[in-house]
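To keep things clear, I will list the structure first and then write my remarks on it.
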Amino acid sequence: SYACMTLVWQDEFNGDALNSNDWKYEIGTGNNGWGNNELQYYREENTSLVSGNLVIEAKREAFGGSEYTSSRIVTQGKKNFRFGRVDIRAVLPEGQGLWPALWMLGTKINAVGWPACGEIDIMELVGHQANRVHGTVHFGTSNATRQSRGQSARSSDGDNFSQKFHVFSLVWKENLLEILVDDEKYFEF
């Protein structure tokens, strides 16, 4: 609950499966590892709901020509937001090669492509730096003109983000983006 804001959507991941009215799976390896040279094959089977928690599991297993599997879920075409606040409460994995991320892409991505659609990375963690998260904004008219601005933040208690739940947030105002961890702003654009 936040002053001057009204809750428009939430998912507490109760039940046995993701709500297909809100989420969809992206399956496979995408084009060039979804544009990031990712090595895993994304599968629905790597996602589960356990005691009100969404669990995405990365596995070292051969599948579909890849040596690793994981899961990738999106709200594209189902939910879109402009202005307001997005909060995600999560425990993050750690380890070489892991790269969990919570991001938003512009709704015009299919028409204008990336980066022209815009991208807001609410949280990214590079697995071998388990006590640091990154917030980044990507923009530009094409790959040739793409730009990004961002900042990183360390865990305020010195622990890794894998040791307990933290809240990763975006506050989106008309002329300002603020990215926070545990309600502490560490980047604005």
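FYI, nothing fancy with the structure tokens labels: chains A, B, ... in order, residues from 1 per chain, ligands from 1 as they appear.
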
Excluding Ala17 in chain A and its own-chain neighbours fewer than 6 positions away, which residues fall within 9 Å of it when counting only C-alpha atoms? Please give them as a PyMOL selection string. chain A and resi 47-49

query: Can you tell me, as a ChimeraX atom specification, what residues are no more than 9 Å from range 159-175 of chain A when counting only C-alpha atoms, ignoring any on the same chain fewer than 3 positions away?
result: /A:82-94,102,120-123,125,129-133,154-156,178-183,185,189

Take the residues that were just selected and, keeping N, CA, C and O atoms, output them as a CSV table (one decimal), in the first residue's frame.
```csv
chain,number,residue,atom,x,y,z
A,82,ARG,N,2.0,1.7,-17.3
A,82,ARG,CA,2.7,2.9,-17.6
A,82,ARG,C,2.4,3.8,-16.4
A,82,ARG,O,1.3,4.2,-16.1
A,83,PHE,N,3.5,4.2,-15.7
A,83,PHE,CA,3.4,5.0,-14.5
A,83,PHE,C,2.9,4.2,-13.4
A,83,PHE,O,2.1,3.3,-13.5
A,84,GLY,N,3.4,4.4,-12.2
A,84,GLY,CA,3.1,3.7,-11.0
A,84,GLY,C,4.2,3.0,-10.4
A,84,GLY,O,5.4,3.5,-10.5
A,85,ARG,N,4.0,2.0,-9.7
A,85,ARG,CA,5.0,1.3,-9.0
A,85,ARG,C,4.9,-0.2,-9.2
A,85,ARG,O,3.8,-0.8,-9.2
A,86,VAL,N,6.0,-0.9,-9.4
A,86,VAL,CA,6.1,-2.3,-9.5
A,86,VAL,C,7.0,-2.8,-8.5
A,86,VAL,O,8.1,-2.3,-8.3
A,87,ASP,N,6.5,-3.8,-7.7
A,87,ASP,CA,7.3,-4.4,-6.6
A,87,ASP,C,7.4,-5.9,-6.9
A,87,ASP,O,6.4,-6.5,-7.2
A,88,ILE,N,8.6,-6.4,-6.7
A,88,ILE,CA,8.8,-7.9,-6.9
A,88,ILE,C,9.6,-8.3,-5.6
A,88,ILE,O,10.7,-7.8,-5.4
A,89,ARG,N,9.0,-9.3,-4.9
A,89,ARG,CA,9.7,-9.8,-3.7
A,89,ARG,C,10.3,-11.1,-4.1
A,89,ARG,O,9.6,-12.0,-4.6
A,90,ALA,N,11.6,-11.2,-4.0
A,90,ALA,CA,12.3,-12.4,-4.5
A,90,ALA,C,13.6,-12.8,-3.7
A,90,ALA,O,14.2,-11.9,-3.1
A,91,VAL,N,13.9,-14.0,-3.7
A,91,VAL,CA,15.2,-14.6,-3.3
A,91,VAL,C,15.9,-14.9,-4.6
A,91,VAL,O,15.3,-15.6,-5.5
A,92,LEU,N,17.1,-14.5,-4.8
A,92,LEU,CA,17.8,-14.7,-6.1
A,92,LEU,C,18.8,-15.8,-6.0
A,92,LEU,O,19.4,-16.0,-4.9
A,93,PRO,N,19.1,-16.5,-7.1
A,93,PRO,CA,20.1,-17.5,-7.1
A,93,PRO,C,21.5,-16.9,-7.2
A,93,PRO,O,21.7,-15.7,-7.5
A,94,GLU,N,22.5,-17.7,-6.9
A,94,GLU,CA,23.9,-17.3,-7.0
A,94,GLU,C,24.6,-18.4,-7.7
A,94,GLU,O,24.3,-19.6,-7.5
A,102,LEU,N,14.5,-9.2,-13.8
A,102,LEU,CA,13.1,-8.8,-13.9
A,102,LEU,C,13.1,-7.5,-14.7
A,102,LEU,O,13.7,-6.5,-14.3
A,120,ILE,N,13.3,-1.4,-19.3
A,120,ILE,CA,13.6,-1.0,-17.9
A,120,ILE,C,14.0,-2.3,-17.2
A,120,ILE,O,13.1,-3.1,-17.0
A,121,ASP,N,15.2,-2.4,-16.8
A,121,ASP,CA,15.7,-3.5,-16.0
A,121,ASP,C,15.5,-3.2,-14.5
A,121,ASP,O,16.2,-2.4,-14.0
A,122,ILE,N,14.4,-3.7,-13.9
A,122,ILE,CA,14.2,-3.4,-12.5
A,122,ILE,C,15.2,-4.1,-11.6
A,122,ILE,O,15.7,-3.5,-10.6
A,123,MET,N,15.7,-5.3,-12.0
A,123,MET,CA,16.7,-6.0,-11.3
A,123,MET,C,17.4,-7.0,-12.2
A,123,MET,O,16.7,-7.7,-12.9
A,125,LEU,N,20.9,-9.6,-11.7
A,125,LEU,CA,22.0,-10.0,-10.8
A,125,LEU,C,22.9,-11.0,-11.6
A,125,LEU,O,22.4,-11.9,-12.3
A,129,GLN,N,28.4,-12.3,-8.7
A,129,GLN,CA,28.4,-11.2,-7.8
A,129,GLN,C,27.1,-11.1,-7.0
A,129,GLN,O,26.2,-10.3,-7.2
A,130,ALA,N,26.9,-12.1,-6.2
A,130,ALA,CA,25.6,-12.4,-5.6
A,130,ALA,C,25.1,-11.4,-4.5
A,130,ALA,O,24.0,-11.5,-4.0
A,131,ASN,N,26.0,-10.4,-4.2
A,131,ASN,CA,25.5,-9.3,-3.3
A,131,ASN,C,25.3,-8.0,-4.0
A,131,ASN,O,25.2,-7.0,-3.3
A,132,ARG,N,25.2,-8.0,-5.3
A,132,ARG,CA,25.0,-6.8,-6.1
A,132,ARG,C,23.9,-7.0,-7.1
A,132,ARG,O,24.0,-7.9,-7.9
A,133,VAL,N,23.0,-6.0,-7.2
A,133,VAL,CA,22.0,-6.0,-8.3
A,133,VAL,C,22.2,-4.8,-9.1
A,133,VAL,O,22.8,-3.8,-8.7
A,154,ARG,N,24.6,-2.7,-3.7
A,154,ARG,CA,24.9,-3.9,-2.9
A,154,ARG,C,23.8,-4.1,-1.8
A,154,ARG,O,23.1,-3.2,-1.4
A,155,SER,N,23.7,-5.3,-1.4
A,155,SER,CA,22.8,-5.7,-0.3
A,155,SER,C,23.1,-4.8,0.9
A,155,SER,O,24.3,-4.7,1.4
A,156,SER,N,22.1,-4.2,1.5
A,156,SER,CA,22.4,-3.3,2.6
A,156,SER,C,22.9,-4.0,3.9
A,156,SER,O,23.6,-3.4,4.7
A,178,GLU,N,12.6,5.6,-11.0
A,178,GLU,CA,13.4,5.4,-9.8
A,178,GLU,C,13.5,3.8,-9.6
A,178,GLU,O,12.4,3.2,-9.6
A,179,ILE,N,14.7,3.3,-9.3
A,179,ILE,CA,14.8,1.9,-9.1
A,179,ILE,C,15.3,1.7,-7.7
A,179,ILE,O,16.3,2.4,-7.2
A,180,LEU,N,14.7,0.8,-6.9
A,180,LEU,CA,14.9,0.7,-5.5
A,180,LEU,C,15.2,-0.8,-5.2
A,180,LEU,O,14.7,-1.7,-5.9
A,181,VAL,N,15.9,-1.0,-4.1
A,181,VAL,CA,15.9,-2.3,-3.5
A,181,VAL,C,15.6,-2.1,-2.0
A,181,VAL,O,16.2,-1.2,-1.3
A,182,ASP,N,14.7,-2.9,-1.5
A,182,ASP,CA,14.2,-2.8,-0.1
A,182,ASP,C,13.9,-1.3,0.3
A,182,ASP,O,14.2,-0.8,1.3
A,183,ASP,N,13.2,-0.7,-0.7
A,183,ASP,CA,12.7,0.7,-0.5
A,183,ASP,C,13.8,1.7,-0.5
A,183,ASP,O,13.5,2.9,-0.1
A,185,LYS,N,16.2,3.9,-2.8
A,185,LYS,CA,16.5,4.2,-4.2
A,185,LYS,C,18.0,4.2,-4.4
A,185,LYS,O,18.8,4.8,-3.7
A,189,PHE,N,16.5,7.9,-13.4
A,189,PHE,CA,16.7,8.3,-14.8
A,189,PHE,C,15.6,9.2,-15.2
A,189,PHE,O,14.4,9.0,-14.9
```

Rank A:Gly158, A:Pro100, A:Glu188, A:Ser70 by their smallest atom-to-atom distance to Gly135 in chain A, using only C-alpha atoms, and report the top residue only.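 Of A:Gly158, A:Pro100, A:Glu188, A:Ser70, the one nearest Gly135 in chain A is A:Glu188, counting only C-alpha atoms.
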
What separates CA of Asn110 in chain A and CA of Gly33 in chain A is a distance of 17.8 Å

When you count only C-alpha atoms, which of these residues is closest to Thr75 in chain A: A:Thr107, A:Arg43, A:Thr136, A:Gly113?
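Of the candidates, the smallest distance to Thr75 in chain A is held by A:Thr107.
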
### Task
State, in Å with one decimal place, the distance from CA of Leu177 in chain A to CA of Thr6 in chain A.
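These atoms are spaced 18.3 Å apart.
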